[in-house]
There are 2 protein chains.
Amino acid sequence: MSTGSIDSRRFRERFDEFSAIGATEAGGVDRPSLSEANERARDTLVEWFREAELTVTIDEMGNIFGRREGSDPDADPVMFGSHIDSQYNGGRYDGVVGVLGALEVIESLNDRGVVTDRPLEIVAWSNEEGVRFQPDMLGSGVYTGVFDLEYAYEREDKDGTTFGEELERIGYKGDRPCEPDDVHCYFELHVEQGPFLEQAGLSIGVVEGVFGFSWLDVRFEGQANHAGPTPMDMRHDAFVATAEVTRAVRSITATGGGDLVGTVGSVDVWPNAINVIPERVEFTIDFRSYDNGAVDAAVDRIREEVEWAADREGLEYEIEEIMRVDADPFDDDCIETVASAAEASGYEYTRLVSGAGHDANYLNTVAPTSMIFVPSVDGISHRESEYTEWEDVVAGTDVLYRAVSEKASIR
Amino acid sequence: MSTGSIDSRRFRERFDEFSAIGATEAGGVDRPSLSEANERARDTLVEWFREAELTVTIDEMGNIFGRREGSDPDADPVMFGSHIDSQYNGGRYDGVVGVLGALEVIESLNDRGVVTDRPLEIVAWSNEEGVRFQPDMLGSGVYTGVFDLEYAYEREDKDGTTFGEELERIGYKGDRPCEPDDVHCYFELHVEQGPFLEQAGLSIGVVEGVFGFSWLDVRFEGQANHAGPTPMDMRHDAFVATAEVTRAVRSITATGGGDLVGTVGSVDVWPNAINVIPERVEFTIDFRSYDNGAVDAAVDRIREEVEWAADREGLEYEIEEIMRVDADPFDDDCIETVASAAEASGYEYTRLVSGAGHDANYLNTVAPTSMIFVPSVDGISHRESEYTEWEDVVAGTDVLYRAVSEKASIR
């Protein structure tokens with residue numbers, strides 16, 4: 001157990017004050033991207049960045065940067081951070097731990113009067129959650145050139161309001177060009193959003209990479225007839241086929257490889273009436289694994305299952321892969337830096353792979369990257385009941401402090 | 001093949017004129033209960049009733065009656081009819097065939113100058129479909145004492161407008177008390193809404209009764225976690241359990257008895273997102289059979305399947321039977337009257353049981369009742385593509401003419 005590089009009490013006070021912004025009665029926060037609560041959270045963050053003597057810049061996507069100069073004016077900065085937007089009625093920890101943890105690292109360096117060789121730049125990325133404006137990870141996506149700025153500005157929420165309009169309205173459309181600077185490396189501290197660390201009784205996860213995934217849209221089209229007079233052998237029931245495919249997703253994950261997961265998450269049925277045979281069902285399948293071949297094989301198998309289910313039931317069908325992202329291994333050197341920091345801190349840790357995507361995935365395309373995970377109690381995230389023990393938040397921030405310090409020094 | 005008791009051409013002209021009211025581009029009609037199109041259809045019907053020298057009365061539920069006196073002033077009337085409200089974007093034939101067929105029977109009797117012993121009373125029941133105001137068969141339900149008049153008036157459409165307000169607005173809240181008179185017997189001509197007659201190549205179905213049914217509401221409640229980092233063995237996926245139960249419904253119908261049918265028709269998933277494990281699913285099950293024991297056994301079996309699926313997946317569950325209606329055998333004498341009429345007409349016919357409910361079910365509780373079915377092409381109903389060959393409509397009306405004539409005569 002580390003003696004600790006950071007000030008747990010100061011950090012906790014800040015965390016509690018921040019959690020009050022957009023707080024929900026059930027103990028979560030409701031701060032979706034560019035909402036009024038998100039605006040207040042941004043204002044608070046900028047104020048705290050300035051109090052920590054950081055130079056604040058806002059880029060064209062509303063990504064908020066706080067820079068602390070190092071002794072070498074020509075050196076590329078070490079960047080670290082996460083996001084402060086939340087799901088609708090989401091949790092306090094997701095993203096915030098990584099941003100306020102980054103700030104606590106800066107404050108602790110300030111306390112000790114440490115001047116690093118390299119500059120440090122901490123960051124809060126815009127619109128990570130993708131609940132109000134799709135897609136998710138929009139701020140880091142534009143920064144790393146995955147999306148055009150104009151594309152991002154034109155994203156609409158369900159009321160037709162655009163990301164660009166809202167960003168301007170809340171005063172966070174900045175001047176700094178949204179493009180990758182020369183970044184020496186990037187670290188992100190985040191809650192695991194899964195159960196592994198808690199089950200293993202460990203405080204720290206050294207993240208070696210992120211699962212690849214496939215997203216499939218499936219549509220079955222049959223015949224809507226009356227549920228009474230239509231005999232079973234004359235039915236073309238789109239929902240029965242959907243049920244068969246859902247079971248097949250389970251079967252495929254049971255035999256498709258160690259870490260393959262599969263989910264039917266969104267299902268819409270027409271006409272959706274108690275006494276009418278479902279004519280049309282549109283549903284989604286999400287397959288993920290760190291093994292790209294396992295995802296490919298699962299997609300191949302489910303395509304056959306969809307075809308067979310349609311044949312059996314006499315349906316038209318469509319299946320379309322709407323997104324395919326390969327598994328994303330992080331930088332070996334950054335991974336070892338985090339592992340060494342965890343080792344040095346004395347916290348028990350393991351190496352693992354993230355099932356969920358993060359801003360770090362995009363940063364990994366422009367700079368050497370790795371992540372630090374801390375446990376999520378019961379593996380819960382994206383809900384008000386999301387919870388991480390404070391000692392684990394402190395442990396993760398301690399490891400971040402050590403990893404950043406290591407990478408900011410020029411040997 | 002009958003020479004025919006009725007005037008096919010006159011009937012066809014009327015049917016086509018009526019089909020133009022609220023006609024849809026795809027060849028159906030959009031005349032939901034108490035809509036503007038339903039009002040115009042009612043006005044047209046009342047005008048035609050009067051032209052046929054019928055005495056028109058409107059009751060408190062907007063049920064429209066047309067009475068033709070017989071020679072015996074003390075005799076109870078023979079009643080026959082159906083409904084003229086449609087599904088949203090429904091078909092031309094459902095209900096209308098029975099009402100305009102009844103009018104054609106009257107016209108044909110008028111043509112021949114036939115005076116029956118008993119009075120004849122034809123009827124168009126209000127709100128049979130139950131798509132704008134639930135429940136269905138509301139007009140005949142109040143008439144037969146199944147529902148209170150006030151209950152019916154308070155039914156709201158999705159905009160909160162009540163049945164009572166709308167009935168008054170369109171001018172069809174009549175004075176005649178909505179209560180069962182002494183009715184000698186009731187006949188209803190209707191499209192089959194199933195495939196049996198067409199498959200068998202027959203024009204006429206002698207309907208011996210109507211399936212009983214059970215409607216079940218099922219709710220599964222699990223845990224909404226991220227579809228990536230949550231391993232398969234830690235999931236509590238409400239939709240996987242729904243898929244299992246849907247397959248069980250199919251298995252149960254395959255082994256539960258000859259005419260047992262089962263449908264999962266309505267399914268709602270929360271939060272319904274591509275990358276979130278479904279936390280809650282609410283869905284419905286509809287079991288029907290002419291064998292009450294088969295329905296009871298299916299309900300017992302599916303209750304066990306729901307419990308097992310919840311146990312396997314680690315879910316909370318609720319299952320509630322929201323409606324249970326026993327199979328409804330029609331009156332033997334009325335059935336034989338229809339069979340004899342079909343026999344006499346020379347049309348090929350079979351005896352069958354209706355899978356769908358009809359106003360005739362409620363009438364059967366206050367008067368001897370039976371029904372006449374004509375084929376539905378491809379078994380399709382409740383859709384714009386609903387279709388019945390005109391020669392079959394004529395055949396059914398011919399049989400109705402003969403059955404009514406038989407029952408209206410006092411030996």
# chains A, B, ... in the order shown; residues from 1 in each chain; ligands from 1
>>> interface_residues(of="chain A", to="chain B", cutoff="8 Å", atoms="only C-alpha atoms", output="PyMOL selection string")
chain A and resi 192-195+211+215+225-232+239-240+242-244+246-247+253+259+261-269+271-278+284-286+288+354-356+379-382
>>> select_by_dssp(residues="stretch 67-193 of chain B", states="helix (DSSP H, G or I)", output="ChimeraX atom specification")
/B:96-112,138-143,149-153,163-169
>>> write_last_selection(atoms="C-alpha atoms", output="compact mmCIF listing (two decimals), in the first residue's frame")
# COMPACT_ATOMS: atom_id res chain seq x y z
CA VAL B 96 -68.92 -3.72 -43.73
CA VAL B 97 -69.85 -6.96 -45.52
CA GLY B 98 -72.16 -7.84 -42.63
CA VAL B 99 -73.85 -4.43 -42.46
CA LEU B 100 -74.28 -3.75 -46.19
CA GLY B 101 -75.13 -7.46 -46.63
CA ALA B 102 -77.92 -7.00 -44.07
CA LEU B 103 -79.18 -3.95 -45.99
CA GLU B 104 -79.10 -5.95 -49.24
CA VAL B 105 -81.21 -8.67 -47.58
CA ILE B 106 -83.79 -6.00 -46.69
CA GLU B 107 -83.75 -4.53 -50.21
CA SER B 108 -84.19 -7.98 -51.74
CA LEU B 109 -87.15 -8.68 -49.47
CA ASN B 110 -88.54 -5.27 -50.46
CA ASP B 111 -88.02 -6.13 -54.15
CA ARG B 112 -90.07 -9.28 -53.72
CA LEU B 138 -67.86 -1.59 -26.97
CA GLY B 139 -71.23 -0.90 -28.61
CA SER B 140 -72.46 -4.48 -28.46
CA GLY B 141 -70.81 -4.84 -25.04
CA VAL B 142 -72.93 -2.06 -23.52
CA TYR B 143 -76.04 -3.29 -25.38
CA LEU B 149 -72.79 3.08 -20.37
CA GLU B 150 -70.77 5.48 -18.19
CA TYR B 151 -67.69 3.25 -18.44
CA ALA B 152 -68.01 3.37 -22.23
CA TYR B 153 -68.46 7.16 -22.31
CA PHE B 163 -65.87 8.27 -26.39
CA GLY B 164 -68.86 10.15 -24.92
CA GLU B 165 -67.61 13.56 -26.08
CA GLU B 166 -66.82 12.33 -29.55
CA LEU B 167 -70.12 10.48 -29.89
CA GLU B 168 -71.98 13.69 -29.02
CA ARG B 169 -69.75 15.81 -31.28
>>> residues_around(residues="B:Asp392", least_positions_apart="6", cutoff="12 Å", atoms="only C-alpha atoms", output="short mmCIF file (atom, residue, chain, number, x, y, z; two decimals) with N, CA and C atoms, in the first residue's frame")
data_model
loop_
_atom_site.label_atom_id
_atom_site.label_comp_id
_atom_site.auth_asym_id
_atom_site.auth_seq_id
_atom_site.Cartn_x
_atom_site.Cartn_y
_atom_site.Cartn_z
N MET B 1 -74.48 -24.34 -56.99
CA MET B 1 -74.42 -22.87 -57.05
C MET B 1 -75.83 -22.31 -57.11
N SER B 2 -76.07 -21.35 -56.22
CA SER B 2 -77.40 -20.75 -56.13
C SER B 2 -77.66 -19.83 -57.31
N GLY B 4 -79.24 -17.29 -56.60
CA GLY B 4 -79.04 -16.06 -55.86
C GLY B 4 -80.34 -15.41 -55.44
N SER B 8 -76.75 -8.77 -56.88
CA SER B 8 -75.29 -8.62 -56.75
C SER B 8 -74.81 -7.26 -57.25
N TYR B 93 -63.55 -4.78 -46.05
CA TYR B 93 -64.53 -5.85 -45.92
C TYR B 93 -64.96 -6.14 -44.48
N VAL B 97 -69.13 -5.90 -44.80
CA VAL B 97 -69.85 -6.96 -45.52
C VAL B 97 -71.11 -7.36 -44.76
N GLY B 101 -74.44 -6.20 -46.30
CA GLY B 101 -75.13 -7.46 -46.63
C GLY B 101 -76.52 -7.50 -46.00
N LEU B 189 -72.90 -11.87 -40.55
CA LEU B 189 -72.07 -12.24 -41.70
C LEU B 189 -70.75 -11.48 -41.58
N HIS B 190 -69.63 -12.18 -41.75
CA HIS B 190 -68.32 -11.53 -41.55
C HIS B 190 -67.27 -12.24 -42.39
N VAL B 191 -66.20 -11.50 -42.73
CA VAL B 191 -65.05 -12.17 -43.36
C VAL B 191 -64.33 -13.02 -42.31
N GLU B 192 -63.75 -14.14 -42.78
CA GLU B 192 -63.18 -15.10 -41.84
C GLU B 192 -61.99 -14.54 -41.06
N LEU B 197 -61.11 -21.19 -45.11
CA LEU B 197 -62.08 -21.32 -46.21
C LEU B 197 -61.36 -21.24 -47.56
N GLU B 198 -60.45 -20.28 -47.71
CA GLU B 198 -59.76 -20.15 -48.98
C GLU B 198 -58.93 -21.41 -49.28
N GLY B 201 -61.06 -24.09 -50.43
CA GLY B 201 -61.79 -23.80 -51.66
C GLY B 201 -63.29 -23.70 -51.44
N LEU B 202 -63.70 -23.20 -50.28
CA LEU B 202 -65.11 -23.11 -49.93
C LEU B 202 -65.54 -21.65 -49.82
N SER B 203 -66.84 -21.40 -50.11
CA SER B 203 -67.35 -20.03 -50.05
C SER B 203 -67.94 -19.68 -48.70
N ILE B 204 -68.41 -20.67 -47.96
CA ILE B 204 -69.18 -20.40 -46.75
C ILE B 204 -68.63 -21.19 -45.56
N GLY B 205 -68.51 -20.48 -44.43
CA GLY B 205 -68.22 -21.12 -43.16
C GLY B 205 -69.42 -20.99 -42.23
N TYR B 347 -74.03 -23.57 -52.19
CA TYR B 347 -72.61 -23.21 -52.02
C TYR B 347 -71.91 -24.30 -51.21
N GLU B 348 -70.64 -24.49 -51.53
CA GLU B 348 -69.85 -25.43 -50.72
C GLU B 348 -69.50 -24.76 -49.40
N TYR B 349 -69.67 -25.49 -48.34
CA TYR B 349 -69.45 -24.88 -47.03
C TYR B 349 -68.80 -25.89 -46.08
N ILE B 372 -72.00 -16.36 -40.11
CA ILE B 372 -71.67 -16.86 -41.45
C ILE B 372 -70.32 -16.25 -41.83
N PHE B 373 -69.37 -17.08 -42.20
CA PHE B 373 -68.06 -16.57 -42.65
C PHE B 373 -67.94 -16.72 -44.16
N VAL B 374 -67.27 -15.73 -44.77
CA VAL B 374 -66.83 -15.85 -46.16
C VAL B 374 -65.30 -15.72 -46.19
N PRO B 375 -64.65 -16.24 -47.24
CA PRO B 375 -63.18 -16.36 -47.21
C PRO B 375 -62.45 -15.01 -47.20
N SER B 376 -61.32 -14.98 -46.53
CA SER B 376 -60.37 -13.87 -46.59
C SER B 376 -59.19 -14.35 -47.42
N VAL B 377 -58.91 -13.66 -48.53
CA VAL B 377 -57.80 -14.10 -49.39
C VAL B 377 -56.48 -14.02 -48.59
N ASP B 398 -76.36 -14.24 -49.59
CA ASP B 398 -77.43 -15.16 -50.00
C ASP B 398 -77.79 -16.09 -48.83
N VAL B 399 -76.76 -16.63 -48.18
CA VAL B 399 -77.01 -17.51 -47.03
C VAL B 399 -77.67 -16.74 -45.90
#
>>> select_by_dssp(residues="stretch 113-142 of chain B", states="strand (DSSP E)", output="ChimeraX atom specification")
/B:120-125
>>> write_last_selection(atoms="N, CA and C atoms", output="short mmCIF file (atom, residue, chain, number, x, y, z; two decimals), in the first residue's frame")
data_model
loop_
_atom_site.label_atom_id
_atom_site.label_comp_id
_atom_site.auth_asym_id
_atom_site.auth_seq_id
_atom_site.Cartn_x
_atom_site.Cartn_y
_atom_site.Cartn_z
N LEU B 120 -87.82 -7.49 -38.63
CA LEU B 120 -86.38 -7.63 -38.86
C LEU B 120 -85.71 -6.36 -38.36
N GLU B 121 -84.56 -6.52 -37.74
CA GLU B 121 -83.85 -5.33 -37.27
C GLU B 121 -82.37 -5.49 -37.63
N ILE B 122 -81.91 -4.58 -38.50
CA ILE B 122 -80.49 -4.66 -38.86
C ILE B 122 -79.72 -3.62 -38.05
N VAL B 123 -78.45 -3.87 -37.85
CA VAL B 123 -77.71 -3.06 -36.88
C VAL B 123 -76.25 -2.89 -37.30
N ALA B 124 -75.74 -1.68 -37.03
CA ALA B 124 -74.29 -1.42 -37.14
C ALA B 124 -73.80 -1.05 -35.74
N TRP B 125 -72.99 -1.91 -35.15
CA TRP B 125 -72.51 -1.70 -33.78
C TRP B 125 -71.37 -0.69 -33.76
#
>>> atom_distance(atom1="atom CA of A:Val206", atom2="atom CA of A:Leu400")
10.9 Å
>>> atom_distance(atom1="atom CA of B:Phe15", atom2="atom CA of B:Asp117")
28.8 Å
>>> atom_distance(atom1="atom CA of A:Ser345", atom2="atom CA of A:His83")
25.2 Å
>>> residues_around(residues="B:Phe220", least_positions_apart="5", cutoff="6 Å", atoms="only C-alpha atoms", output="list in words")
Ala238, Arg280, Val281, Glu316 and Tyr317 of chain B
>>> decode(residues="stretch 286-324 of chain B", atoms="N, CA and C atoms", output="PDB file, in the first residue's frame")
ATOM      1  N   ASP B 286     -50.732 -14.115 -26.071  1.00  0.00           N
ATOM      2  CA  ASP B 286     -52.137 -14.347 -26.423  1.00  0.00           C
ATOM      3  C   ASP B 286     -52.263 -15.839 -26.757  1.00  0.00           C
ATOM      4  N   PHE B 287     -52.996 -16.588 -25.932  1.00  0.00           N
ATOM      5  CA  PHE B 287     -53.280 -18.003 -26.215  1.00  0.00           C
ATOM      6  C   PHE B 287     -54.754 -18.139 -26.547  1.00  0.00           C
ATOM      7  N   ARG B 288     -55.075 -18.896 -27.596  1.00  0.00           N
ATOM      8  CA  ARG B 288     -56.476 -19.099 -27.972  1.00  0.00           C
ATOM      9  C   ARG B 288     -56.728 -20.547 -28.373  1.00  0.00           C
ATOM     10  N   SER B 289     -57.911 -21.018 -28.055  1.00  0.00           N
ATOM     11  CA  SER B 289     -58.357 -22.336 -28.500  1.00  0.00           C
ATOM     12  C   SER B 289     -59.857 -22.403 -28.297  1.00  0.00           C
ATOM     13  N   TYR B 290     -60.489 -23.346 -29.018  1.00  0.00           N
ATOM     14  CA  TYR B 290     -61.899 -23.612 -28.739  1.00  0.00           C
ATOM     15  C   TYR B 290     -62.036 -24.545 -27.538  1.00  0.00           C
ATOM     16  N   ASP B 291     -60.885 -25.073 -27.082  1.00  0.00           N
ATOM     17  CA  ASP B 291     -60.843 -25.981 -25.936  1.00  0.00           C
ATOM     18  C   ASP B 291     -60.338 -25.198 -24.722  1.00  0.00           C
ATOM     19  N   ASN B 292     -61.244 -24.868 -23.804  1.00  0.00           N
ATOM     20  CA  ASN B 292     -60.845 -24.071 -22.637  1.00  0.00           C
ATOM     21  C   ASN B 292     -59.719 -24.741 -21.855  1.00  0.00           C
ATOM     22  N   GLY B 293     -59.748 -26.062 -21.790  1.00  0.00           N
ATOM     23  CA  GLY B 293     -58.706 -26.790 -21.064  1.00  0.00           C
ATOM     24  C   GLY B 293     -57.344 -26.606 -21.704  1.00  0.00           C
ATOM     25  N   ALA B 294     -57.315 -26.514 -23.032  1.00  0.00           N
ATOM     26  CA  ALA B 294     -56.034 -26.311 -23.733  1.00  0.00           C
ATOM     27  C   ALA B 294     -55.464 -24.936 -23.409  1.00  0.00           C
ATOM     28  N   VAL B 295     -56.341 -23.936 -23.328  1.00  0.00           N
ATOM     29  CA  VAL B 295     -55.871 -22.592 -22.959  1.00  0.00           C
ATOM     30  C   VAL B 295     -55.369 -22.598 -21.518  1.00  0.00           C
ATOM     31  N   ASP B 296     -56.126 -23.216 -20.619  1.00  0.00           N
ATOM     32  CA  ASP B 296     -55.696 -23.277 -19.212  1.00  0.00           C
ATOM     33  C   ASP B 296     -54.337 -23.956 -19.089  1.00  0.00           C
ATOM     34  N   ALA B 297     -54.166 -25.069 -19.801  1.00  0.00           N
ATOM     35  CA  ALA B 297     -52.906 -25.809 -19.715  1.00  0.00           C
ATOM     36  C   ALA B 297     -51.753 -24.981 -20.275  1.00  0.00           C
ATOM     37  N   ALA B 298     -52.021 -24.256 -21.368  1.00  0.00           N
ATOM     38  CA  ALA B 298     -50.972 -23.411 -21.958  1.00  0.00           C
ATOM     39  C   ALA B 298     -50.563 -22.317 -20.977  1.00  0.00           C
ATOM     40  N   VAL B 299     -51.547 -21.722 -20.310  1.00  0.00           N
ATOM     41  CA  VAL B 299     -51.240 -20.667 -19.337  1.00  0.00           C
ATOM     42  C   VAL B 299     -50.416 -21.244 -18.183  1.00  0.00           C
ATOM     43  N   ASP B 300     -50.802 -22.423 -17.700  1.00  0.00           N
ATOM     44  CA  ASP B 300     -50.030 -23.048 -16.614  1.00  0.00           C
ATOM     45  C   ASP B 300     -48.592 -23.302 -17.044  1.00  0.00           C
ATOM     46  N   ARG B 301     -48.437 -23.813 -18.256  1.00  0.00           N
ATOM     47  CA  ARG B 301     -47.090 -24.147 -18.728  1.00  0.00           C
ATOM     48  C   ARG B 301     -46.247 -22.888 -18.935  1.00  0.00           C
ATOM     49  N   ILE B 302     -46.866 -21.838 -19.481  1.00  0.00           N
ATOM     50  CA  ILE B 302     -46.052 -20.646 -19.742  1.00  0.00           C
ATOM     51  C   ILE B 302     -45.676 -19.954 -18.431  1.00  0.00           C
ATOM     52  N   ARG B 303     -46.529 -20.065 -17.408  1.00  0.00           N
ATOM     53  CA  ARG B 303     -46.147 -19.510 -16.097  1.00  0.00           C
ATOM     54  C   ARG B 303     -44.859 -20.172 -15.598  1.00  0.00           C
ATOM     55  N   GLU B 304     -44.773 -21.489 -15.778  1.00  0.00           N
ATOM     56  CA  GLU B 304     -43.550 -22.190 -15.370  1.00  0.00           C
ATOM     57  C   GLU B 304     -42.359 -21.747 -16.223  1.00  0.00           C
ATOM     58  N   GLU B 305     -42.582 -21.616 -17.518  1.00  0.00           N
ATOM     59  CA  GLU B 305     -41.491 -21.202 -18.411  1.00  0.00           C
ATOM     60  C   GLU B 305     -40.984 -19.814 -18.040  1.00  0.00           C
ATOM     61  N   VAL B 306     -41.901 -18.906 -17.698  1.00  0.00           N
ATOM     62  CA  VAL B 306     -41.504 -17.549 -17.296  1.00  0.00           C
ATOM     63  C   VAL B 306     -40.656 -17.620 -16.026  1.00  0.00           C
ATOM     64  N   GLU B 307     -41.102 -18.448 -15.069  1.00  0.00           N
ATOM     65  CA  GLU B 307     -40.356 -18.568 -13.817  1.00  0.00           C
ATOM     66  C   GLU B 307     -38.963 -19.153 -14.066  1.00  0.00           C
ATOM     67  N   TRP B 308     -38.910 -20.214 -14.901  1.00  0.00           N
ATOM     68  CA  TRP B 308     -37.613 -20.839 -15.188  1.00  0.00           C
ATOM     69  C   TRP B 308     -36.682 -19.871 -15.920  1.00  0.00           C
ATOM     70  N   ALA B 309     -37.223 -19.147 -16.892  1.00  0.00           N
ATOM     71  CA  ALA B 309     -36.378 -18.201 -17.643  1.00  0.00           C
ATOM     72  C   ALA B 309     -35.846 -17.116 -16.706  1.00  0.00           C
ATOM     73  N   ALA B 310     -36.686 -16.655 -15.784  1.00  0.00           N
ATOM     74  CA  ALA B 310     -36.247 -15.639 -14.821  1.00  0.00           C
ATOM     75  C   ALA B 310     -35.163 -16.210 -13.902  1.00  0.00           C
ATOM     76  N   ASP B 311     -35.366 -17.458 -13.455  1.00  0.00           N
ATOM     77  CA  ASP B 311     -34.365 -18.091 -12.586  1.00  0.00           C
ATOM     78  C   ASP B 311     -33.026 -18.235 -13.289  1.00  0.00           C
ATOM     79  N   ARG B 312     -33.059 -18.747 -14.517  1.00  0.00           N
ATOM     80  CA  ARG B 312     -31.819 -18.961 -15.258  1.00  0.00           C
ATOM     81  C   ARG B 312     -31.035 -17.664 -15.409  1.00  0.00           C
ATOM     82  N   GLU B 313     -31.773 -16.575 -15.698  1.00  0.00           N
ATOM     83  CA  GLU B 313     -31.124 -15.314 -16.046  1.00  0.00           C
ATOM     84  C   GLU B 313     -30.931 -14.400 -14.827  1.00  0.00           C
ATOM     85  N   GLY B 314     -31.512 -14.817 -13.670  1.00  0.00           N
ATOM     86  CA  GLY B 314     -31.385 -13.985 -12.469  1.00  0.00           C
ATOM     87  C   GLY B 314     -32.196 -12.708 -12.559  1.00  0.00           C
ATOM     88  N   LEU B 315     -33.486 -12.861 -12.856  1.00  0.00           N
ATOM     89  CA  LEU B 315     -34.364 -11.700 -13.060  1.00  0.00           C
ATOM     90  C   LEU B 315     -35.509 -11.715 -12.055  1.00  0.00           C
ATOM     91  N   GLU B 316     -36.040 -10.548 -11.786  1.00  0.00           N
ATOM     92  CA  GLU B 316     -37.363 -10.439 -11.186  1.00  0.00           C
ATOM     93  C   GLU B 316     -38.386 -10.625 -12.301  1.00  0.00           C
ATOM     94  N   TYR B 317     -39.569 -11.136 -11.948  1.00  0.00           N
ATOM     95  CA  TYR B 317     -40.583 -11.245 -12.988  1.00  0.00           C
ATOM     96  C   TYR B 317     -41.982 -11.073 -12.407  1.00  0.00           C
ATOM     97  N   GLU B 318     -42.883 -10.685 -13.301  1.00  0.00           N
ATOM     98  CA  GLU B 318     -44.311 -10.673 -12.985  1.00  0.00           C
ATOM     99  C   GLU B 318     -45.042 -11.235 -14.177  1.00  0.00           C
ATOM    100  N   ILE B 319     -46.077 -12.025 -13.901  1.00  0.00           N
ATOM    101  CA  ILE B 319     -46.938 -12.469 -14.990  1.00  0.00           C
ATOM    102  C   ILE B 319     -48.373 -12.308 -14.521  1.00  0.00           C
ATOM    103  N   GLU B 320     -49.186 -11.644 -15.338  1.00  0.00           N
ATOM    104  CA  GLU B 320     -50.562 -11.353 -14.941  1.00  0.00           C
ATOM    105  C   GLU B 320     -51.499 -11.686 -16.100  1.00  0.00           C
ATOM    106  N   GLU B 321     -52.535 -12.424 -15.785  1.00  0.00           N
ATOM    107  CA  GLU B 321     -53.561 -12.689 -16.806  1.00  0.00           C
ATOM    108  C   GLU B 321     -54.511 -11.494 -16.812  1.00  0.00           C
ATOM    109  N   ILE B 322     -54.456 -10.681 -17.866  1.00  0.00           N
ATOM    110  CA  ILE B 322     -55.260  -9.455 -17.888  1.00  0.00           C
ATOM    111  C   ILE B 322     -56.633  -9.691 -18.497  1.00  0.00           C
ATOM    112  N   MET B 323     -56.813 -10.803 -19.213  1.00  0.00           N
ATOM    113  CA  MET B 323     -58.153 -11.135 -19.707  1.00  0.00           C
ATOM    114  C   MET B 323     -58.238 -12.637 -19.944  1.00  0.00           C
ATOM    115  N   ARG B 324     -59.388 -13.211 -19.589  1.00  0.00           N
ATOM    116  CA  ARG B 324     -59.606 -14.634 -19.825  1.00  0.00           C
ATOM    117  C   ARG B 324     -61.063 -14.782 -20.238  1.00  0.00           C
TER     118      ARG B 324
END
